[in-house]
Structure formats: C-alpha cells, structure tokens
Amino acid sequence: MDFEEILKALRANLLAALEENHSAYSNQSVNDIDVFLQSFKEKLKRWTILFAEGHLTEDDFEWLVKSQKDLLVLENLLQEGVSKISLGHLKTKIIKIVVKTITVAALA
Amino acid sequence: MKKLLMYVLLFCSILFTSCNSIKTAIFDQYSYQQEVSLKIETKVLLQHAMEDYTLYKTQVDALLLEMEKMEEYEKNKPDNIISYQMWELMTDADKNSVAGLLKRWKEKGQLTAAFNQEATKQIMSAFDALIKYEISKDKEKENILLEIIKNY
C-alpha cells in the first residue's frame with residue numbers, strides 16, 4: 001500500500017468534487033483542501049493502516065475523519081484573527097469522499 | 001502634581017481604549033484550572049472505554065454535567081464568544097468531540113482499543129486548543145501592557 005499515491009488520488013477526487021459543484025473552483029478552495037489534508041496527513045496514514053489491518057471499522061474511520069474536521073474548527077477558533085479556511089467546503093460530501101477513497105484503496 | 005495627574009489619566013485612557021478595542025475576555029484562572037482538570041478527568045475515564053459503558057455511566061454523566069457547567073460559565077462572560085463556541089462544540093453530542101465520543105461509547109457499549117486510542121488523542125488535542133486559547137488571553141493582556149509601557 002503506497003500511502004502517498006492514495007493521498008494523491010484523494011486530493012484529485014476532492015478537487016473533482018469541487019469542480020462538479022462549482023464550474024470553476026477558486027484558489028481558496030484548493031488551498032482549503034490542502035490545509036485540511038495537511039492538517040492530519042500523519043494521522044490519516046496511521047488510520048489507513050489500522051483500517052487495512054482490520055483494527056478500525058469503516059464507521060470508526062469515518063468518526064475519526066469527522067473529529068479531525070471538528071478539531072480544525074477548534075484550532076481555527078484558537079487562531080482568532082489569523083486567516084481562516086472556509087470550512088463550508090468540509091461538509092458531509094468531503095468527509096464521504098475521504099472515507100470512500102481511503103477505504104477502497106486500503107482494501108485493494 | 002497636575003502633570004502627574006495628567007499622566008495617570010492618559011495611562012488609564014490608553015488602557016481603557018486598548019482593552020475595548022481587543023474585545024476579548026481576559027485570562028481566567030478558574031477557566032484554565034477547570035479546563036486542565038476536565039482534560040485529565042476525560043483522559044482517565046476514556047482509559048476505561050473498552051469496558052462496558054454501564055459500569056461508568058455515573059462518571060460519564062458527572063463529567064458531562066461539569067462540562068455543561070463550564071459551557072454556561074463561558075457563555076455568560078463578556079466578550080468571550082470564541083471560548084464559548086469552543087465549549088459548545090466540545091459539549092455537542094452530535095459533533096465528533098468529547099460529548100460525541102462519550103455518546104458513541106454509550107451507543108456501542110464499549111469501544112475497541114485501536115479506535116479508543118486514536119479518538120482519545122483527538123479529544124486531548126481539542127482540550128489543548130481550549131487551554132492554549134485561555135493562556136493566549138493572558139499573553140494578550142501582557143502584550144497590551146508592554147505596548148503601553150513602551151509608548152509611555
């Protein structure tokens with residue numbers, strides 16, 4: 001399992017979903033996706049391995065990804081006044097894409 | 001004497017203006033102590049989350065009650081919207097933070113070791129964000145005073 005390849009595929013899927021919803025996505029949207037992914041790259045790798053080895057269920061995995069979104073909200077609140085990412089993008093669809101891409105790739 | 005009085009008035013007016021422009025509640029020792037205490041209580045309780053929930057229901061309820069009290073305390077402090085929003089997220093059972101994890105433990109009966117370990121790390125990071133924010137209020141106060149002293 002090549003995690004870097006999975007991450008590349010995940011980024012591509014997220015950007016494709018953005019493009020699907022908006023005819024032209026902004027640089028800000030791309031940046032938001034990158035910030036979100038970078039914020040938990042190491043964790044995501046660990047969770048992917050735990051899932052692939054059967055230690056986490058898909059439901060567990062999804063819970064953890066959602067917890068990362070909530071943690072990001074808290075950390076943005078912490079950095080009050082600092083440029084904030086627009087979390088509007090990180091809604092249900094984005095979480096579902098992350099879970100689907102990773103779980104399918106991890107079990108391939 | 002008049003000159004001294006003028007300096008005192010000037011100092012007070014700068015301090016008043018600075019505090020008003022920031023509009024953030026000042027560092028609160030009680031909030032800080034409660035946040036640290038609740039973080040450790042949560043960590044200790046979650047060490048048992050691989051066991052049957054019903055054995056720890058009383059402790060979970062007590063912890064949630066303490067967290068709700070803190071949310072209410074932060075809600076009523078003036079200029080404290082950020083801390084209040086942070087508490088709101090952590091006490092919302094439908095979010096994936098502290099109350100959300102305790103709800104999942106209740107629903108599942110018990111959590112698996114791997115999930116509990118990873119989820120606990122997420123929860124501890126959430127508390128850290130809250131604690132860091134409270135500490136930063138003190139830093140702001142210190143910076144304001146330093147600025148006033150520098151410009152005096």
# chains A, B, ... in the order shown; residues from 1 in each chain; ligands from 1
call {"tool": "interface_residues", "arguments": {"of": "chain B", "to": "chain A", "cutoff": "7 Å", "atoms": "only C-alpha atoms", "output": "list in words"}}
result
Ile82, Met86, Asn96, Ser97, Ala114, Phe115, Ala119, Gln122, Ala126, Ala129 and Tyr133 of chain B
call {"tool": "residues_around", "arguments": {"residues": "B:Leu55", "least_positions_apart": "6", "cutoff": "10 Å", "atoms": "only C-alpha atoms", "output": "JSON, numbers by chain"}}
result
{"B": [48, 49, 109]}
call {"tool": "write_last_selection", "arguments": {"atoms": "all heavy atoms", "output": "PDB file, in the first residue's frame"}}
result
ATOM      1  N   HIS B  48     -11.078   3.623  30.288  1.00  0.00           N
ATOM      2  CA  HIS B  48     -11.993   2.501  30.579  1.00  0.00           C
ATOM      3  C   HIS B  48     -13.013   2.271  29.469  1.00  0.00           C
ATOM      4  O   HIS B  48     -13.914   1.456  29.626  1.00  0.00           O
ATOM      5  CB  HIS B  48     -12.734   2.775  31.890  1.00  0.00           C
ATOM      6  CG  HIS B  48     -11.821   2.885  33.066  1.00  0.00           C
ATOM      7  ND1 HIS B  48     -11.275   1.787  33.692  1.00  0.00           N
ATOM      8  CD2 HIS B  48     -11.340   3.981  33.712  1.00  0.00           C
ATOM      9  CE1 HIS B  48     -10.501   2.201  34.685  1.00  0.00           C
ATOM     10  NE2 HIS B  48     -10.519   3.519  34.713  1.00  0.00           N
ATOM     11  N   ALA B  49     -12.880   3.008  28.362  1.00  0.00           N
ATOM     12  CA  ALA B  49     -13.915   2.944  27.321  1.00  0.00           C
ATOM     13  C   ALA B  49     -13.951   1.612  26.562  1.00  0.00           C
ATOM     14  O   ALA B  49     -14.872   1.373  25.789  1.00  0.00           O
ATOM     15  CB  ALA B  49     -13.753   4.101  26.343  1.00  0.00           C
ATOM     16  N   GLY B 109     -21.678   0.426  23.637  1.00  0.00           N
ATOM     17  CA  GLY B 109     -21.492  -0.413  24.826  1.00  0.00           C
ATOM     18  C   GLY B 109     -20.044  -0.413  25.270  1.00  0.00           C
ATOM     19  O   GLY B 109     -19.735  -0.232  26.439  1.00  0.00           O
TER      20      GLY B 109
END
call {"tool": "atom_distance", "arguments": {"atom1": "atom CA of A:Asp59", "atom2": "atom CA of B:Leu65"}}
result
27.6 Å
call {"tool": "atom_distance", "arguments": {"atom1": "atom CA of B:Val98", "atom2": "atom CA of B:Lys132"}}
result
17.1 Å
call {"tool": "atom_distance", "arguments": {"atom1": "atom CA of A:Ile6", "atom2": "atom CA of A:Ser29"}}
result
20.4 Å
call {"tool": "select_by_dssp", "arguments": {"residues": "stretch 5-140 of chain B", "states": "helix (DSSP H, G or I)", "output": "PDB file with C-alpha atoms, in the first residue's frame"}}
result
ATOM      1  CA  LEU B   5      -2.423  63.560  37.393  1.00  0.00           C
ATOM      2  CA  MET B   6      -2.388  64.145  33.634  1.00  0.00           C
ATOM      3  CA  TYR B   7      -0.065  61.136  33.109  1.00  0.00           C
ATOM      4  CA  VAL B   8      -2.271  58.930  35.281  1.00  0.00           C
ATOM      5  CA  LEU B   9      -5.371  59.967  33.288  1.00  0.00           C
ATOM      6  CA  LEU B  10      -3.536  59.386  29.997  1.00  0.00           C
ATOM      7  CA  PHE B  11      -2.387  55.934  31.153  1.00  0.00           C
ATOM      8  CA  CYS B  12      -5.932  54.980  32.197  1.00  0.00           C
ATOM      9  CA  SER B  13      -7.436  56.190  28.936  1.00  0.00           C
ATOM     10  CA  ILE B  14      -4.883  54.219  26.864  1.00  0.00           C
ATOM     11  CA  LEU B  15      -5.553  51.124  28.959  1.00  0.00           C
ATOM     12  CA  PHE B  16      -9.317  51.543  28.592  1.00  0.00           C
ATOM     13  CA  THR B  17      -9.082  52.099  24.815  1.00  0.00           C
ATOM     14  CA  SER B  18      -6.757  49.120  24.334  1.00  0.00           C
ATOM     15  CA  CYS B  19      -8.970  46.766  26.308  1.00  0.00           C
ATOM     16  CA  ASN B  20     -12.063  47.900  24.458  1.00  0.00           C
ATOM     17  CA  SER B  21     -10.513  47.546  21.021  1.00  0.00           C
ATOM     18  CA  ILE B  22      -9.428  43.935  21.648  1.00  0.00           C
ATOM     19  CA  GLN B  29      -7.601  31.318  36.290  1.00  0.00           C
ATOM     20  CA  TYR B  30     -10.792  29.385  37.117  1.00  0.00           C
ATOM     21  CA  SER B  31     -11.424  28.547  33.429  1.00  0.00           C
ATOM     22  CA  TYR B  32      -7.812  27.446  32.996  1.00  0.00           C
ATOM     23  CA  GLN B  33      -7.901  25.200  36.082  1.00  0.00           C
ATOM     24  CA  GLN B  34     -11.235  23.667  35.079  1.00  0.00           C
ATOM     25  CA  GLU B  35     -10.052  23.015  31.530  1.00  0.00           C
ATOM     26  CA  VAL B  36      -6.895  21.249  32.726  1.00  0.00           C
ATOM     27  CA  SER B  37      -8.864  19.310  35.322  1.00  0.00           C
ATOM     28  CA  LEU B  38     -11.567  18.230  32.838  1.00  0.00           C
ATOM     29  CA  LYS B  39      -8.920  17.197  30.309  1.00  0.00           C
ATOM     30  CA  ILE B  40      -7.312  14.830  32.826  1.00  0.00           C
ATOM     31  CA  GLU B  41     -10.684  13.531  34.082  1.00  0.00           C
ATOM     32  CA  THR B  42     -11.707  12.796  30.482  1.00  0.00           C
ATOM     33  CA  LYS B  43      -8.415  11.043  29.749  1.00  0.00           C
ATOM     34  CA  VAL B  44      -8.699   8.852  32.852  1.00  0.00           C
ATOM     35  CA  LEU B  45     -12.333   7.983  32.107  1.00  0.00           C
ATOM     36  CA  LEU B  46     -11.601   7.129  28.459  1.00  0.00           C
ATOM     37  CA  TYR B  53     -20.360   1.610  29.413  1.00  0.00           C
ATOM     38  CA  THR B  54     -22.910   0.863  32.125  1.00  0.00           C
ATOM     39  CA  LEU B  55     -20.093   0.382  34.654  1.00  0.00           C
ATOM     40  CA  TYR B  56     -19.017   4.002  34.093  1.00  0.00           C
ATOM     41  CA  LYS B  57     -22.349   5.679  33.382  1.00  0.00           C
ATOM     42  CA  THR B  58     -22.296   7.643  36.652  1.00  0.00           C
ATOM     43  CA  GLN B  59     -18.804   9.015  35.965  1.00  0.00           C
ATOM     44  CA  VAL B  60     -19.714   9.881  32.361  1.00  0.00           C
ATOM     45  CA  ASP B  61     -22.855  11.730  33.489  1.00  0.00           C
ATOM     46  CA  ALA B  62     -20.862  13.604  36.134  1.00  0.00           C
ATOM     47  CA  LEU B  63     -18.227  14.611  33.587  1.00  0.00           C
ATOM     48  CA  LEU B  64     -20.844  15.812  31.091  1.00  0.00           C
ATOM     49  CA  LEU B  65     -22.529  17.829  33.836  1.00  0.00           C
ATOM     50  CA  GLU B  66     -19.220  19.519  34.722  1.00  0.00           C
ATOM     51  CA  MET B  67     -18.646  20.314  31.052  1.00  0.00           C
ATOM     52  CA  GLU B  68     -22.131  21.785  30.683  1.00  0.00           C
ATOM     53  CA  LYS B  69     -21.490  23.975  33.730  1.00  0.00           C
ATOM     54  CA  MET B  70     -18.298  25.233  32.115  1.00  0.00           C
ATOM     55  CA  GLU B  71     -20.105  25.958  28.858  1.00  0.00           C
ATOM     56  CA  GLU B  72     -22.662  28.011  30.765  1.00  0.00           C
ATOM     57  CA  TYR B  73     -19.905  29.795  32.722  1.00  0.00           C
ATOM     58  CA  GLU B  74     -18.098  30.747  29.497  1.00  0.00           C
ATOM     59  CA  LYS B  75     -21.347  31.744  27.792  1.00  0.00           C
ATOM     60  CA  ILE B  81     -17.605  34.273  22.167  1.00  0.00           C
ATOM     61  CA  ILE B  82     -14.582  32.224  20.999  1.00  0.00           C
ATOM     62  CA  SER B  83     -14.242  30.230  24.238  1.00  0.00           C
ATOM     63  CA  TYR B  84     -17.985  29.729  24.325  1.00  0.00           C
ATOM     64  CA  GLN B  85     -18.034  28.432  20.724  1.00  0.00           C
ATOM     65  CA  MET B  86     -15.202  26.032  21.561  1.00  0.00           C
ATOM     66  CA  TRP B  87     -17.125  24.676  24.562  1.00  0.00           C
ATOM     67  CA  GLU B  88     -20.285  24.440  22.510  1.00  0.00           C
ATOM     68  CA  LEU B  89     -18.535  22.167  20.009  1.00  0.00           C
ATOM     69  CA  MET B  90     -16.993  20.007  22.717  1.00  0.00           C
ATOM     70  CA  THR B  91     -20.282  19.502  24.577  1.00  0.00           C
ATOM     71  CA  VAL B  98     -15.780  14.964  23.775  1.00  0.00           C
ATOM     72  CA  ALA B  99     -19.555  14.572  24.222  1.00  0.00           C
ATOM     73  CA  GLY B 100     -19.750  12.882  20.819  1.00  0.00           C
ATOM     74  CA  LEU B 101     -17.207  10.253  21.833  1.00  0.00           C
ATOM     75  CA  LEU B 102     -18.972   9.594  25.146  1.00  0.00           C
ATOM     76  CA  LYS B 103     -22.245   9.194  23.224  1.00  0.00           C
ATOM     77  CA  ARG B 104     -20.568   6.671  20.908  1.00  0.00           C
ATOM     78  CA  TRP B 105     -19.281   4.712  23.907  1.00  0.00           C
ATOM     79  CA  LYS B 106     -22.847   4.643  25.273  1.00  0.00           C
ATOM     80  CA  GLU B 107     -24.307   3.511  21.929  1.00  0.00           C
ATOM     81  CA  LYS B 108     -21.670   0.850  21.256  1.00  0.00           C
ATOM     82  CA  ALA B 113      -8.700  -0.435  21.746  1.00  0.00           C
ATOM     83  CA  ALA B 114      -7.416   0.988  18.456  1.00  0.00           C
ATOM     84  CA  PHE B 115     -10.370   3.324  17.965  1.00  0.00           C
ATOM     85  CA  ASN B 116     -10.338   4.476  21.569  1.00  0.00           C
ATOM     86  CA  GLN B 117      -6.627   5.243  21.444  1.00  0.00           C
ATOM     87  CA  GLU B 118      -6.948   7.337  18.284  1.00  0.00           C
ATOM     88  CA  ALA B 119     -10.164   9.082  19.354  1.00  0.00           C
ATOM     89  CA  THR B 120      -8.683   9.930  22.766  1.00  0.00           C
ATOM     90  CA  LYS B 121      -5.731  11.634  21.027  1.00  0.00           C
ATOM     91  CA  GLN B 122      -8.205  13.757  19.050  1.00  0.00           C
ATOM     92  CA  ILE B 123     -10.097  14.682  22.216  1.00  0.00           C
ATOM     93  CA  MET B 124      -6.903  15.602  24.074  1.00  0.00           C
ATOM     94  CA  SER B 125      -5.925  17.881  21.159  1.00  0.00           C
ATOM     95  CA  ALA B 126      -9.342  19.538  21.428  1.00  0.00           C
ATOM     96  CA  PHE B 127      -8.750  20.270  25.121  1.00  0.00           C
ATOM     97  CA  ASP B 128      -5.262  21.554  24.271  1.00  0.00           C
ATOM     98  CA  ALA B 129      -6.758  24.057  21.813  1.00  0.00           C
ATOM     99  CA  LEU B 130      -9.127  25.273  24.529  1.00  0.00           C
ATOM    100  CA  ILE B 131      -6.339  25.569  27.119  1.00  0.00           C
ATOM    101  CA  LYS B 132      -3.995  27.319  24.656  1.00  0.00           C
ATOM    102  CA  TYR B 133      -6.694  29.834  23.871  1.00  0.00           C
ATOM    103  CA  GLU B 134      -7.233  30.624  27.550  1.00  0.00           C
ATOM    104  CA  ILE B 135      -3.482  31.087  28.045  1.00  0.00           C
ATOM    105  CA  SER B 136      -3.300  33.343  24.972  1.00  0.00           C
ATOM    106  CA  LYS B 137      -5.707  35.735  26.668  1.00  0.00           C
ATOM    107  CA  ASP B 138      -3.111  36.285  29.351  1.00  0.00           C
ATOM    108  CA  LYS B 139      -0.446  36.807  26.684  1.00  0.00           C
ATOM    109  CA  GLU B 140      -2.619  39.429  25.036  1.00  0.00           C
TER     110      GLU B 140
END
call {"tool": "closest_residue", "arguments": {"among": "B:Lys95, B:Leu111, B:Pro78, B:Met50", "to": "B:Asp28", "atoms": "only C-alpha atoms"}}
result
B:Pro78
